[in-house]
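One file, final-v9.txt, is given below (compact mmCIF, C-alpha atoms and all ligand atoms).
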# COMPACT_ATOMS: atom_id res chain seq x y z
CA MET A 1005 75.43 103.23 8.77
CA SER A 1006 74.52 103.33 5.08
CA ASN A 1007 71.00 102.73 3.90
CA ALA A 1008 72.20 100.85 0.82
CA PRO A 1009 70.60 97.42 0.65
CA LEU A 1010 72.88 94.68 1.93
CA MET A 1011 73.04 91.13 0.68
CA LYS A 1012 70.72 88.88 2.68
CA SER A 1013 73.53 86.65 3.87
CA GLU A 1014 75.45 89.66 5.18
CA LYS A 1015 72.41 91.22 6.71
CA ASP A 1016 71.05 88.23 8.50
CA VAL A 1017 74.25 86.82 9.94
CA SER A 1018 75.24 89.60 12.30
CA GLY A 1019 77.01 89.20 15.61
CA GLY A 1020 77.82 85.61 14.61
CA LEU A 1021 74.14 84.68 14.83
CA ASP A 1022 72.57 82.66 12.02
CA VAL A 1023 69.14 84.27 12.26
CA ILE A 1024 67.62 82.33 9.38
CA LYS A 1025 68.47 79.08 11.17
CA VAL A 1026 67.30 80.41 14.54
CA ARG A 1027 63.94 81.32 13.01
CA GLU A 1028 63.34 77.69 12.09
CA ASP A 1029 63.00 77.02 15.82
CA PHE A 1030 59.96 79.30 16.07
CA PRO A 1031 56.84 77.75 14.51
CA ILE A 1032 54.78 80.92 14.95
CA LEU A 1033 57.20 82.95 12.84
CA GLN A 1034 56.22 80.82 9.85
CA ARG A 1035 52.59 81.97 9.94
CA SER A 1036 51.01 84.81 8.06
CA VAL A 1037 48.73 87.60 9.27
CA HIS A 1038 46.18 89.19 6.91
CA GLY A 1039 47.79 87.24 4.09
CA ARG A 1040 51.27 88.71 4.77
CA PRO A 1041 54.23 87.01 6.42
CA LEU A 1042 54.16 87.80 10.12
CA VAL A 1043 56.69 90.45 11.14
CA TYR A 1044 56.66 90.20 14.91
CA LEU A 1045 58.07 93.36 16.48
CA ASP A 1046 56.24 93.32 19.81
CA ASN A 1047 58.86 91.42 21.76
CA ALA A 1048 58.95 93.84 24.69
CA ALA A 1049 55.33 92.95 25.39
CA SER A 1050 55.88 89.20 25.01
CA SER A 1051 58.36 87.20 22.97
CA GLN A 1052 57.72 84.01 21.02
CA MET A 1053 58.48 80.47 22.10
CA PRO A 1054 60.90 78.14 20.30
CA ARG A 1055 60.02 74.51 19.62
CA GLN A 1056 62.55 73.43 22.28
CA VAL A 1057 60.41 75.10 24.97
CA ILE A 1058 57.11 73.92 23.47
CA ASP A 1059 58.49 70.36 23.31
CA ARG A 1060 59.66 70.53 26.91
CA LEU A 1061 56.18 71.59 28.02
CA VAL A 1062 54.54 68.81 26.01
CA TYR A 1063 56.99 66.24 27.42
CA TYR A 1064 56.32 67.42 30.95
CA GLN A 1065 52.54 67.27 30.52
CA THR A 1066 52.74 63.94 28.73
CA HIS A 1067 55.17 62.13 31.02
CA GLU A 1068 55.96 63.96 34.24
CA HIS A 1069 53.06 66.00 35.57
CA ALA A 1070 52.25 65.81 39.28
CA ASN A 1071 52.36 68.24 42.18
CA VAL A 1072 55.83 69.15 43.42
CA HIS A 1073 57.49 68.71 46.83
CA ARG A 1074 54.52 66.68 48.06
CA GLY A 1075 54.59 63.14 46.78
CA VAL A 1076 56.81 60.12 47.30
CA HIS A 1077 55.57 58.68 44.02
CA THR A 1078 57.60 58.67 40.83
CA LEU A 1079 55.73 61.40 38.97
CA SER A 1080 55.93 63.81 41.87
CA GLN A 1081 59.64 63.19 42.11
CA LEU A 1082 60.12 63.73 38.38
CA ALA A 1083 58.13 66.97 38.50
CA SER A 1084 60.01 68.14 41.61
CA THR A 1085 63.37 67.40 40.02
CA ALA A 1086 62.46 69.27 36.84
CA PHE A 1087 61.14 72.21 38.88
CA GLU A 1088 64.28 72.43 41.01
CA ASP A 1089 66.49 72.02 37.91
CA ALA A 1090 64.81 75.16 36.59
CA ARG A 1091 65.75 76.96 39.79
CA ARG A 1092 69.43 76.06 39.31
CA THR A 1093 69.18 77.15 35.68
CA ALA A 1094 67.78 80.54 36.74
CA GLN A 1095 70.45 80.82 39.44
CA HIS A 1096 73.26 80.37 36.91
CA PHE A 1097 71.53 82.62 34.39
CA LEU A 1098 71.53 85.52 36.88
CA GLY A 1099 74.85 84.64 38.48
CA ALA A 1100 73.19 84.29 41.89
CA ARG A 1101 75.37 82.96 44.68
CA GLU A 1102 72.82 80.46 45.97
CA GLU A 1103 69.90 78.46 44.65
CA ARG A 1104 67.68 79.55 47.55
CA GLU A 1105 67.97 83.15 46.35
CA ILE A 1106 65.70 82.30 43.39
CA ILE A 1107 61.97 82.59 44.12
CA PHE A 1108 59.53 81.55 41.40
CA VAL A 1109 56.65 83.96 40.86
CA ARG A 1110 54.11 84.65 38.11
CA GLY A 1111 56.17 87.44 36.59
CA ALA A 1112 57.93 90.75 37.23
CA THR A 1113 54.75 92.37 38.54
CA GLU A 1114 54.21 89.69 41.15
CA ALA A 1115 57.88 89.79 42.14
CA ILE A 1116 57.74 93.55 42.83
CA ASN A 1117 54.47 93.13 44.73
CA LEU A 1118 56.10 90.42 46.82
CA VAL A 1119 59.00 92.68 47.77
CA MET A 1120 56.66 95.58 48.50
CA ASN A 1121 54.33 93.46 50.64
CA SER A 1122 57.08 91.68 52.51
CA TYR A 1123 60.15 93.93 52.70
CA GLY A 1124 58.23 97.16 52.23
CA ARG A 1125 55.56 96.58 54.83
CA ALA A 1126 58.10 95.32 57.37
CA PHE A 1127 60.84 97.92 56.93
CA ILE A 1128 59.30 101.08 55.46
CA GLY A 1129 57.26 103.34 57.69
CA GLU A 1130 55.77 106.77 58.16
CA GLY A 1131 57.87 109.63 56.78
CA ASP A 1132 60.24 107.23 54.95
CA GLU A 1133 61.14 107.74 51.31
CA ILE A 1134 61.35 105.44 48.32
CA ILE A 1135 63.30 106.49 45.22
CA LEU A 1136 61.97 105.49 41.78
CA SER A 1137 62.93 106.73 38.34
CA ALA A 1138 60.83 108.75 35.92
CA MET A 1139 60.85 105.89 33.44
CA GLU A 1140 59.33 103.11 35.54
CA HIS A 1141 56.70 100.73 34.28
CA HIS A 1142 53.47 100.95 36.29
CA ALA A 1143 54.42 97.62 37.90
CA ASN A 1144 57.31 99.42 39.60
CA ILE A 1145 55.28 102.48 40.60
CA VAL A 1146 51.85 101.40 41.75
CA PRO A 1147 52.89 98.85 44.43
CA TRP A 1148 55.18 101.48 46.01
CA GLN A 1149 52.43 104.07 45.83
CA MET A 1150 50.08 101.63 47.60
CA LEU A 1151 52.71 101.17 50.30
CA CYS A 1152 53.14 104.93 50.66
CA GLN A 1153 49.37 105.35 51.08
CA GLU A 1154 49.25 102.66 53.73
CA LYS A 1155 52.31 103.78 55.67
CA GLY A 1156 52.47 107.52 55.13
CA ALA A 1157 55.75 107.19 53.23
CA ARG A 1158 56.56 109.13 50.06
CA LEU A 1159 57.96 108.59 46.59
CA ARG A 1160 60.91 110.58 45.23
CA VAL A 1161 61.45 110.47 41.47
CA ILE A 1162 64.76 110.63 39.56
CA PRO A 1163 64.18 112.95 36.59
CA MET A 1164 65.43 112.27 33.07
CA ASP A 1165 66.59 114.41 30.16
CA ASP A 1166 65.08 114.71 26.68
CA ALA A 1167 67.04 111.71 25.44
CA GLY A 1168 65.56 109.53 28.16
CA GLU A 1169 68.68 109.33 30.32
CA LEU A 1170 68.38 109.59 34.09
CA LEU A 1171 69.98 112.63 35.71
CA LEU A 1172 72.47 111.00 38.03
CA ASP A 1173 73.36 114.21 39.89
CA GLU A 1174 69.69 114.63 40.75
CA TYR A 1175 69.56 110.99 41.84
CA GLU A 1176 72.39 111.57 44.33
CA LYS A 1177 70.58 114.60 45.72
CA LEU A 1178 67.44 112.59 46.51
CA PHE A 1179 69.12 110.59 49.28
CA ASN A 1180 68.61 111.68 52.86
CA ALA A 1181 68.24 110.11 56.29
CA ARG A 1182 64.68 108.97 55.45
CA THR A 1183 65.56 107.09 52.24
CA ARG A 1184 64.71 103.44 52.73
CA PHE A 1185 64.52 101.87 49.27
CA VAL A 1186 65.38 102.35 45.58
CA ALA A 1187 63.41 100.63 42.79
CA LEU A 1188 64.70 101.08 39.23
CA SER A 1189 64.23 99.61 35.81
CA HIS A 1190 67.39 98.12 34.35
CA VAL A 1191 66.05 98.78 30.83
CA SER A 1192 63.06 101.03 30.08
CA ASN A 1193 60.25 99.33 28.16
CA ALA A 1194 58.96 102.59 26.68
CA LEU A 1195 62.29 104.21 25.74
CA GLY A 1196 64.81 101.39 25.56
CA THR A 1197 67.27 103.24 27.84
CA ILE A 1198 69.78 100.94 29.53
CA ASN A 1199 70.35 102.57 32.90
CA PRO A 1200 73.80 102.62 34.56
CA VAL A 1201 72.46 100.41 37.31
CA ARG A 1202 75.76 99.17 38.67
CA GLU A 1203 76.78 102.74 39.54
CA MET A 1204 73.30 103.55 40.78
CA VAL A 1205 73.31 100.54 43.10
CA ALA A 1206 76.71 101.62 44.45
CA THR A 1207 75.35 105.11 45.14
CA ALA A 1208 72.37 103.68 47.05
CA HIS A 1209 74.59 101.32 49.01
CA ALA A 1210 76.86 104.21 49.97
CA HIS A 1211 73.74 105.55 51.73
CA GLY A 1212 72.92 102.13 53.21
CA VAL A 1213 69.82 101.74 51.01
CA PRO A 1214 68.83 98.48 49.25
CA VAL A 1215 67.94 98.41 45.54
CA LEU A 1216 65.44 96.44 43.48
CA LEU A 1217 66.16 96.24 39.76
CA ASP A 1218 63.29 95.59 37.38
CA GLY A 1219 64.95 93.41 34.75
CA ALA A 1220 61.82 92.61 32.72
CA GLN A 1221 63.33 94.27 29.63
CA ALA A 1222 66.96 93.50 30.42
CA ALA A 1223 67.22 89.80 31.23
CA PRO A 1224 66.05 88.67 27.75
CA HIS A 1225 68.45 90.99 25.92
CA ILE A 1226 71.72 91.61 27.76
CA PRO A 1227 73.88 89.47 30.06
CA VAL A 1228 72.94 90.01 33.70
CA ASP A 1229 75.12 89.19 36.71
CA VAL A 1230 73.41 90.04 39.96
CA GLN A 1231 76.59 89.64 41.98
CA ALA A 1232 78.48 92.06 39.73
CA LEU A 1233 75.55 94.51 39.87
CA ASP A 1234 75.36 93.94 43.62
CA CYS A 1235 71.61 94.65 43.54
CA ASP A 1236 69.55 93.41 46.46
CA PHE A 1237 66.58 92.24 44.36
CA TYR A 1238 66.27 91.51 40.64
CA VAL A 1239 63.02 90.57 38.89
CA PHE A 1240 62.04 89.34 35.43
CA SER A 1241 59.18 87.63 33.57
CA GLY A 1242 59.45 84.35 31.68
CA HIS A 1243 57.16 85.30 28.82
CA LYS A 1244 59.47 88.08 27.62
CA LEU A 1245 62.32 85.59 27.50
CA CYS A 1246 60.84 83.00 25.14
CA GLY A 1247 59.25 81.18 28.08
CA PRO A 1248 55.63 80.67 29.17
CA THR A 1249 53.33 83.25 30.71
CA GLY A 1250 52.80 82.69 34.43
CA SER A 1251 56.51 82.21 35.09
CA GLY A 1252 58.98 84.67 36.53
CA VAL A 1253 61.81 85.10 38.97
CA LEU A 1254 62.49 87.16 42.02
CA TYR A 1255 66.17 87.09 42.96
CA GLY A 1256 66.96 88.38 46.42
CA LYS A 1257 70.12 88.35 48.50
CA ALA A 1258 69.73 85.52 50.99
CA ALA A 1259 70.49 87.74 53.99
CA LEU A 1260 67.60 90.05 53.08
CA LEU A 1261 65.16 87.30 52.15
CA GLU A 1262 65.94 85.61 55.47
CA LYS A 1263 64.85 88.61 57.48
CA MET A 1264 61.72 89.28 55.43
CA PRO A 1265 58.34 87.91 56.56
CA PRO A 1266 56.41 85.65 54.16
CA TRP A 1267 53.86 87.33 51.91
CA GLN A 1268 51.25 84.72 51.05
CA GLY A 1269 50.32 81.86 53.36
CA GLY A 1270 49.51 78.28 52.42
CA GLY A 1271 51.11 75.03 51.33
CA ASP A 1272 54.89 74.78 50.80
CA MET A 1273 55.69 77.92 52.79
CA ILE A 1274 55.10 76.18 56.14
CA LEU A 1275 57.10 73.85 58.32
CA ASN A 1276 54.45 73.21 60.93
CA VAL A 1277 50.91 74.44 61.51
CA THR A 1278 48.71 74.38 64.59
CA PHE A 1279 45.71 76.62 65.23
CA GLY A 1280 47.92 78.48 67.69
CA ARG A 1281 50.97 79.07 65.51
CA THR A 1282 52.71 78.39 62.19
CA THR A 1283 56.42 78.04 61.66
CA TYR A 1284 57.67 78.90 58.21
CA ASN A 1285 59.70 76.91 55.73
CA GLU A 1286 63.24 77.83 54.74
CA LEU A 1287 64.18 79.75 51.59
CA PRO A 1288 63.09 79.75 48.86
CA TYR A 1289 59.88 77.93 49.85
CA LYS A 1290 58.96 80.54 52.46
CA PHE A 1291 57.91 82.72 49.52
CA GLU A 1292 56.29 80.03 47.35
CA ALA A 1293 52.87 79.44 48.93
CA GLY A 1294 50.47 77.04 47.23
CA THR A 1295 51.02 74.84 44.19
CA PRO A 1296 53.41 76.78 41.98
CA ALA A 1297 53.14 77.25 38.21
CA ILE A 1298 55.00 73.99 37.64
CA ALA A 1299 54.79 73.69 33.86
CA PRO A 1300 55.54 77.38 33.23
CA VAL A 1301 58.58 77.22 35.51
CA ILE A 1302 59.90 74.11 33.77
CA GLY A 1303 59.28 75.85 30.43
CA LEU A 1304 61.16 78.89 31.72
CA GLY A 1305 64.12 76.67 32.54
CA ALA A 1306 64.06 75.35 28.97
CA ALA A 1307 63.82 78.91 27.61
CA ILE A 1308 66.83 80.04 29.63
CA ASN A 1309 68.79 77.02 28.40
CA TYR A 1310 67.80 77.90 24.83
CA LEU A 1311 68.91 81.54 25.16
CA THR A 1312 72.11 80.63 26.96
CA ALA A 1313 73.03 78.15 24.24
CA ILE A 1314 72.75 80.97 21.69
CA GLY A 1315 74.57 83.34 24.06
CA LEU A 1316 73.33 86.63 25.48
CA GLU A 1317 76.33 88.48 24.02
CA ARG A 1318 75.43 87.32 20.52
CA ILE A 1319 71.77 88.14 21.12
CA ALA A 1320 72.68 91.64 22.31
CA ALA A 1321 75.02 92.21 19.34
CA HIS A 1322 72.40 91.20 16.76
CA GLU A 1323 69.66 93.25 18.40
CA GLN A 1324 71.98 96.28 18.54
CA ALA A 1325 72.67 95.90 14.83
CA LEU A 1326 68.92 95.82 14.14
CA LEU A 1327 68.34 98.88 16.32
CA GLU A 1328 71.10 100.89 14.63
CA TYR A 1329 69.86 99.92 11.19
CA ALA A 1330 66.25 100.84 12.04
CA THR A 1331 67.19 104.08 13.84
CA GLU A 1332 69.26 105.26 10.88
CA ALA A 1333 66.59 104.32 8.38
CA VAL A 1334 63.64 106.03 10.08
CA ARG A 1335 65.54 109.33 10.35
CA ASP A 1336 64.58 110.09 6.74
CA ILE A 1337 60.85 109.62 7.36
CA GLU A 1338 59.16 112.99 7.46
CA GLY A 1339 57.30 113.66 10.71
CA LEU A 1340 58.73 110.65 12.50
CA CYS A 1341 60.05 111.42 15.96
CA ILE A 1342 61.89 108.83 18.03
CA ILE A 1343 60.99 108.93 21.72
CA GLY A 1344 64.04 107.68 23.60
CA THR A 1345 67.45 108.45 22.15
CA ALA A 1346 69.72 107.49 25.04
CA ARG A 1347 73.34 106.60 24.27
CA HIS A 1348 72.88 103.12 25.68
CA LYS A 1349 69.70 101.54 24.43
CA ALA A 1350 68.19 98.11 24.09
CA ALA A 1351 66.39 97.31 20.83
CA VAL A 1352 63.26 99.36 21.41
CA LEU A 1353 62.16 101.93 18.84
CA SER A 1354 59.35 104.10 20.21
CA PHE A 1355 58.09 106.75 17.86
CA THR A 1356 55.36 109.16 16.89
CA LEU A 1357 54.47 110.06 13.31
CA GLY A 1358 53.19 113.60 12.91
CA ASP A 1359 49.73 113.78 14.42
CA ILE A 1360 48.76 110.27 13.38
CA HIS A 1361 47.51 108.43 16.44
CA PRO A 1362 49.78 105.50 17.38
CA HIS A 1363 46.73 103.21 17.49
CA ASP A 1364 46.14 104.00 13.81
CA ILE A 1365 49.81 103.30 13.09
CA GLY A 1366 49.52 99.95 14.88
CA THR A 1367 46.27 99.03 13.14
CA ILE A 1368 47.53 99.84 9.64
CA LEU A 1369 50.84 98.05 10.24
CA ASP A 1370 48.86 95.02 11.39
CA GLN A 1371 47.08 94.98 8.03
CA HIS A 1372 50.56 94.47 6.58
CA GLY A 1373 51.31 91.61 8.96
CA ILE A 1374 53.50 93.79 11.20
CA ALA A 1375 52.94 93.54 14.96
CA VAL A 1376 54.01 96.57 17.02
CA ARG A 1377 52.59 97.90 20.26
CA ALA A 1378 50.75 101.21 20.32
CA GLY A 1379 49.77 103.01 23.50
CA HIS A 1380 51.34 104.22 26.72
CA HIS A 1381 53.14 100.90 27.31
CA CYS A 1382 52.07 100.91 30.96
CA ALA A 1383 54.44 103.83 31.47
CA GLN A 1384 52.13 106.84 31.52
CA PRO A 1385 54.61 109.08 33.38
CA VAL A 1386 57.04 108.57 30.48
CA MET A 1387 54.38 109.72 28.02
CA GLN A 1388 53.67 112.74 30.24
CA ARG A 1389 57.39 113.59 30.41
CA PHE A 1390 57.64 113.61 26.61
CA GLY A 1391 54.28 115.33 26.12
CA VAL A 1392 52.75 112.60 23.99
CA PRO A 1393 49.59 110.57 24.69
CA ALA A 1394 51.12 107.41 23.30
CA THR A 1395 53.78 106.05 20.96
CA ALA A 1396 54.09 103.24 18.46
CA ARG A 1397 56.78 100.84 19.60
CA ALA A 1398 58.75 98.32 17.59
CA SER A 1399 60.77 96.07 19.86
CA PHE A 1400 63.23 93.62 18.36
CA ALA A 1401 64.35 90.14 19.35
CA PHE A 1402 67.31 88.07 18.21
CA TYR A 1403 65.07 86.23 15.70
CA ASN A 1404 64.19 89.42 13.84
CA THR A 1405 65.87 90.15 10.52
CA PHE A 1406 66.95 93.25 8.65
CA GLU A 1407 64.31 92.38 6.05
CA GLU A 1408 61.75 92.76 8.80
CA VAL A 1409 63.11 96.21 9.60
CA ASP A 1410 62.72 97.01 5.90
CA ALA A 1411 59.13 95.75 6.08
CA LEU A 1412 58.50 98.05 9.03
CA LEU A 1413 59.85 101.02 7.09
CA LYS A 1414 57.68 100.16 4.12
CA GLY A 1415 54.72 99.80 6.47
CA ILE A 1416 55.35 103.24 8.00
CA HIS A 1417 55.37 104.73 4.49
CA GLU A 1418 52.02 103.01 3.87
CA VAL A 1419 50.66 104.59 7.06
CA ARG A 1420 51.79 108.01 5.84
CA LYS A 1421 50.10 107.43 2.48
CA VAL A 1422 46.77 106.67 4.20
CA PHE A 1423 46.93 109.99 6.06
CA ALA A 1424 48.46 112.04 3.20
N1 LIG B 1 55.94 95.38 29.94
C1 LIG B 1 55.39 95.98 27.65
O1 LIG B 1 54.74 95.85 26.62
P1 LIG B 1 54.66 91.39 33.63
O2 LIG B 1 53.38 91.94 33.08
O3 LIG B 1 54.60 91.16 35.12
O4 LIG B 1 55.19 90.22 32.88
O5 LIG B 1 55.78 92.53 33.41
C2 LIG B 1 55.58 93.82 33.90
C3 LIG B 1 56.68 94.72 33.49
C4 LIG B 1 57.52 95.22 34.47
N2 LIG B 1 58.56 96.00 34.15
C5 LIG B 1 58.84 96.33 32.89
C6 LIG B 1 60.02 97.20 32.59
C7 LIG B 1 58.02 95.86 31.85
O6 LIG B 1 58.30 96.21 30.60
C8 LIG B 1 56.90 95.05 32.16
C9 LIG B 1 55.95 94.59 31.08
C10 LIG B 1 55.17 94.99 28.78
O7 LIG B 1 56.25 96.85 27.78
C11 LIG B 1 53.72 94.77 29.04
S1 LIG B 1 52.96 96.17 29.76

What is this structure when it is put down as structure tokens?
Ligand code: C6P
Amino acid sequence: MSNAPLMKSEKDVSGGLDVIKVREDFPILQRSVHGRPLVYLDNAASSQMPRQVIDRLVYYQTHEHANVHRGVHTLSQLASTAFEDARRTAQHFLGAREEREIIFVRGATEAINLVMNSYGRAFIGEGDEIILSAMEHHANIVPWQMLCQEKGARLRVIPMDDAGELLLDEYEKLFNARTRFVALSHVSNALGTINPVREMVATAHAHGVPVLLDGAQAAPHIPVDVQALDCDFYVFSGHKLCGPTGSGVLYGKAALLEKMPPWQGGGDMILNVTFGRTTYNELPYKFEAGTPAIAPVIGLGAAINYLTAIGLERIAAHEQALLEYATEAVRDIEGLCIIGTARHKAAVLSFTLGDIHPHDIGTILDQHGIAVRAGHHCAQPVMQRFGVPATARASFAFYNTFEEVDALLKGIHEVRKVFA
């Protein structure tokens, strides 16, 4: 791709997406930071919320709020209907076969902890093995490590190459008679790698082993179809998908969820309680103890509707165009090293710049109104694999423009000047 400046209209209408119009939906994108227009490139950490989602939350709080599944009164019924509508929305978004396969949780982390505590504690024991990849987020490492400590099981790790691609031959070799579970990120938050998860699920299933896919960085950016992937569990967080914090989804195949014990106990997950014995509710309520995050879930439903109306294919195409443009442009910057150069990548650009600490990069960029994340991105093993303490990470969303990529480049040159 050429670095020659393009006309704004050409640059900002890529993949059939009118980005300038889309941006009007996001009030926060109109603000400035340190007197500069905000350039928000920290979407992998949390994305911004369009007015359609904000309005839905305000409407809910203004007209519909009550507890769900508990009241015969009008407000409780309105809240329950809105909550269950969000479940159907999430079901269609993921291509799940049944509504009851969608469990609402606080986010990807809670979803993985649920599977570990329920499936893991029931079906993984001493001497058993769990396969993870070398590029997992801590949320998909630590719960499994806790389980291993408790049960005397052990983790096996799929290595990756210098581009940040998993070594599939090595993956195959990790399976043996003790393998009980595979937990993998669909897209790496620190590298951007899109893993070949459909094939990897098939490999695990050939060995009779179930697979959890961590879709925190995939669901907001590429179309996901859990039936086509044939994964056993799929998790994502609402706040990375233009929805509220405190919302998230655990998808699980009904047959597996049915045989799993509940995790947390309390309201909604019971059918009948005596001091002698409790019988549990049916799916999905068996896994939704206590008053759920009603407003966040309803907001998540609105966010999914918003993204689906734009179209995940168009979102992916625009973000790919931004990534290619940025990747090509930073190649000329002396001392800049991209961490994560897989052939299939989502729009994450992790980099180091000579010996300038990524926190300094992030702080100086912020002075120019540019928000990136600097640090280990809760993926310390990835940093160890690449021999860096941290990276600076620009992560793009469909509402980002090519002008914003240009601003990032200019900002990086400013960082270099400070340390020249
Ligand atoms: N990654 C990032 O800046 P929660 O915190 O539960 O919403 O999501 C956890 C999580 C799980 N898996 C992956 C692949 C993730 O990227 C994240 C969150 C953020 O990269 C915050 S650390």

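Here atom C11 of ligand LIG 1 (chain B) stands at a distance of 20.2 Å from CA of Leu1042 (chain A).
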
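Residues lying within 7 Å of (62.5, 100.0, 33.1). Counted over all atoms listed in the file, they are Met1139, Glu1140, His1141, Leu1188, Ser1189, His1190, Val1191, Ser1192, Asn1193, Asp1218 and Gln1221 of chain A.
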
Restrict the calculation to all atoms listed in the file, then for each residue of chain A with any atom at most 10 Å from an atom of ligand LIG 1 (chain B) give the closest atom pair and their distance in Å to one decimal, rows by chain and rising residue number, as CSV.
residue,atom,partner,partner_atom,distance
A:Asp1046,CA,B:LIG1,O1,7.4
A:Asn1047,CA,B:LIG1,O1,7.8
A:Ala1048,CA,B:LIG1,O1,5.0
A:Ala1049,CA,B:LIG1,O1,3.2
A:Ser1050,CA,B:LIG1,O1,6.9
A:Val1109,CA,B:LIG1,O3,9.4
A:Arg1110,CA,B:LIG1,O3,7.2
A:Gly1111,CA,B:LIG1,O3,4.3
A:Ala1112,CA,B:LIG1,O3,4.0
A:Thr1113,CA,B:LIG1,O3,3.6
A:Glu1114,CA,B:LIG1,O3,6.2
A:Ala1115,CA,B:LIG1,O3,7.9
A:Ile1116,CA,B:LIG1,C4,8.5
A:Asn1117,CA,B:LIG1,O3,9.8
A:Met1139,CA,B:LIG1,C6,8.8
A:Glu1140,CA,B:LIG1,C6,6.6
A:His1141,CA,B:LIG1,N2,5.1
A:His1142,CA,B:LIG1,C4,7.2
A:Ala1143,CA,B:LIG1,C4,5.2
A:Asn1144,CA,B:LIG1,N2,6.6
A:Ile1145,CA,B:LIG1,N2,9.7
A:Leu1188,CA,B:LIG1,C6,9.0
A:Ser1189,CA,B:LIG1,C6,5.8
A:His1190,CA,B:LIG1,C6,7.6
A:Val1191,CA,B:LIG1,C6,6.5
A:Ser1192,CA,B:LIG1,C6,5.5
A:Asn1193,CA,B:LIG1,O6,4.4
A:Ala1194,CA,B:LIG1,O7,6.4
A:Leu1195,CA,B:LIG1,O7,9.7
A:Gly1196,CA,B:LIG1,C6,9.5
A:Leu1217,CA,B:LIG1,N2,9.4
A:Asp1218,CA,B:LIG1,N2,5.7
A:Gly1219,CA,B:LIG1,C6,6.6
A:Ala1220,CA,B:LIG1,C5,4.8
A:Gln1221,CA,B:LIG1,C6,5.3
A:Ala1222,CA,B:LIG1,C6,8.2
A:Val1239,CA,B:LIG1,C4,8.5
A:Phe1240,CA,B:LIG1,O5,7.3
A:Ser1241,CA,B:LIG1,O4,4.8
A:Gly1242,CA,B:LIG1,O4,7.4
A:His1243,CA,B:LIG1,O4,6.7
A:Lys1244,CA,B:LIG1,O4,7.1
A:Thr1249,CA,B:LIG1,O4,7.5
A:Gly1250,CA,B:LIG1,O4,8.1
A:Ser1251,CA,B:LIG1,O4,8.4
A:Gly1252,CA,B:LIG1,O4,7.6
A:Val1352,CA,B:LIG1,O7,9.8
A:Val1376,CA,B:LIG1,O1,9.7
A:Arg1377,CA,B:LIG1,O1,7.0
A:Ala1378,CA,B:LIG1,O1,9.2
A:Gly1379,CA,B:LIG1,O1,9.3
A:His1380,CA,B:LIG1,S1,8.8
A:His1381,CA,B:LIG1,O7,5.1
A:Cys1382,CA,B:LIG1,S1,5.0
A:Ala1383,CA,B:LIG1,S1,8.0
A:Arg1397,CA,B:LIG1,O1,8.9
A:Ser1399,CA,B:LIG1,O1,9.1

Which region 1100-1134 of chain A residues have any atom within 8 Å of an atom of region 1077-1096 of chain A, and for each, what is the nearest pair of atoms with distance in Å to one decimal, counting only C-alpha atoms, rows sorted by chain and number, as JSON lines?
{"residue": "A:Ala1100", "atom": "CA", "partner": "A:Gln1095", "partner_atom": "CA", "distance": 5.1}
{"residue": "A:Arg1101", "atom": "CA", "partner": "A:Gln1095", "partner_atom": "CA", "distance": 7.5}
{"residue": "A:Glu1102", "atom": "CA", "partner": "A:Gln1095", "partner_atom": "CA", "distance": 7.0}
{"residue": "A:Glu1103", "atom": "CA", "partner": "A:Gln1095", "partner_atom": "CA", "distance": 5.7}
{"residue": "A:Glu1105", "atom": "CA", "partner": "A:Gln1095", "partner_atom": "CA", "distance": 7.7}
{"residue": "A:Ile1106", "atom": "CA", "partner": "A:Gln1095", "partner_atom": "CA", "distance": 6.4}
{"residue": "A:Phe1108", "atom": "CA", "partner": "A:Arg1091", "partner_atom": "CA", "distance": 7.9}

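If all atoms listed in the file are the atoms counted, then among A:Gly1373, A:Gly1344, A:Pro1362, A:Gly1315 the closest residue to Ile1226 (chain A) is A:Gly1315.
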
Checklist outcome for this item: Using only C-alpha atoms, the best pick from A:Pro1248, A:Ile1024, A:Val1228, A:Ala1297 as closest to Glu1317 (chain A) would be A:Val1228

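Our summary of the geometry notes that CA of Val1076 (chain A) is positioned 27.8 Å from CA of Trp1267 (chain A).
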
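Proximity ranking of A:Ala1306, A:Ala1208, A:Ala1330, A:Leu1118 relative to Gln1268 (chain A) places A:Leu1118 first, based on all atoms listed in the file.
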
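Using all atoms listed in the file, the smallest distance between any of A:Gly1156, A:Pro1041, A:Ile1302, A:Ala1396 and Ile1342 (chain A) comes from A:Ala1396.
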
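Here CA of Arg1389 (chain A) and CA of Leu1171 (chain A) stand 13.7 Å from one another.
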
Next on the checklist: Give me, as a PyMOL selection string, all polymer residues having an atom no more than 6 Å from Arg1184 (chain A), counting only C-alpha atoms and skipping those fewer than 5 positions away in the same chain.
Outcome noted: chain A and resi 1133-1134+1213

Item to check | Residue neighbourhood region 1229-1233 of chain A, 8 Å, only C-alpha atoms, exclusion window fewer than 4 positions, as a ChimeraX atom specification | outcome: /A:1097-1101,1201-1202,1205,1238

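Excluding Arg1420 (chain A) itself and any same-chain residue fewer than 2 positions from it, the protein and nucleic acid residues within 10 Å of it, counting all atoms listed in the file, are Ile1337, Glu1338, Gly1339, Leu1340, Leu1357, Gly1358, Ile1360, Ile1365, Ile1368, Lys1414, Gly1415, Ile1416, His1417, Glu1418, Val1422, Phe1423 and Ala1424 of chain A.
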
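Among A:Arg1160, A:Arg1281, A:His1361, A:Lys1421, the residue with the shortest atom-to-atom distance to Thr1183 (chain A), counting only C-alpha atoms, is A:Arg1160.
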
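Residues in contact with Ile1343 (chain A) at up to 7 Å, not including ones fewer than 2 positions away on its chain and judged by only C-alpha atoms, are Leu1195, Cys1341, Thr1345, Ser1354 and Phe1355 of chain A.
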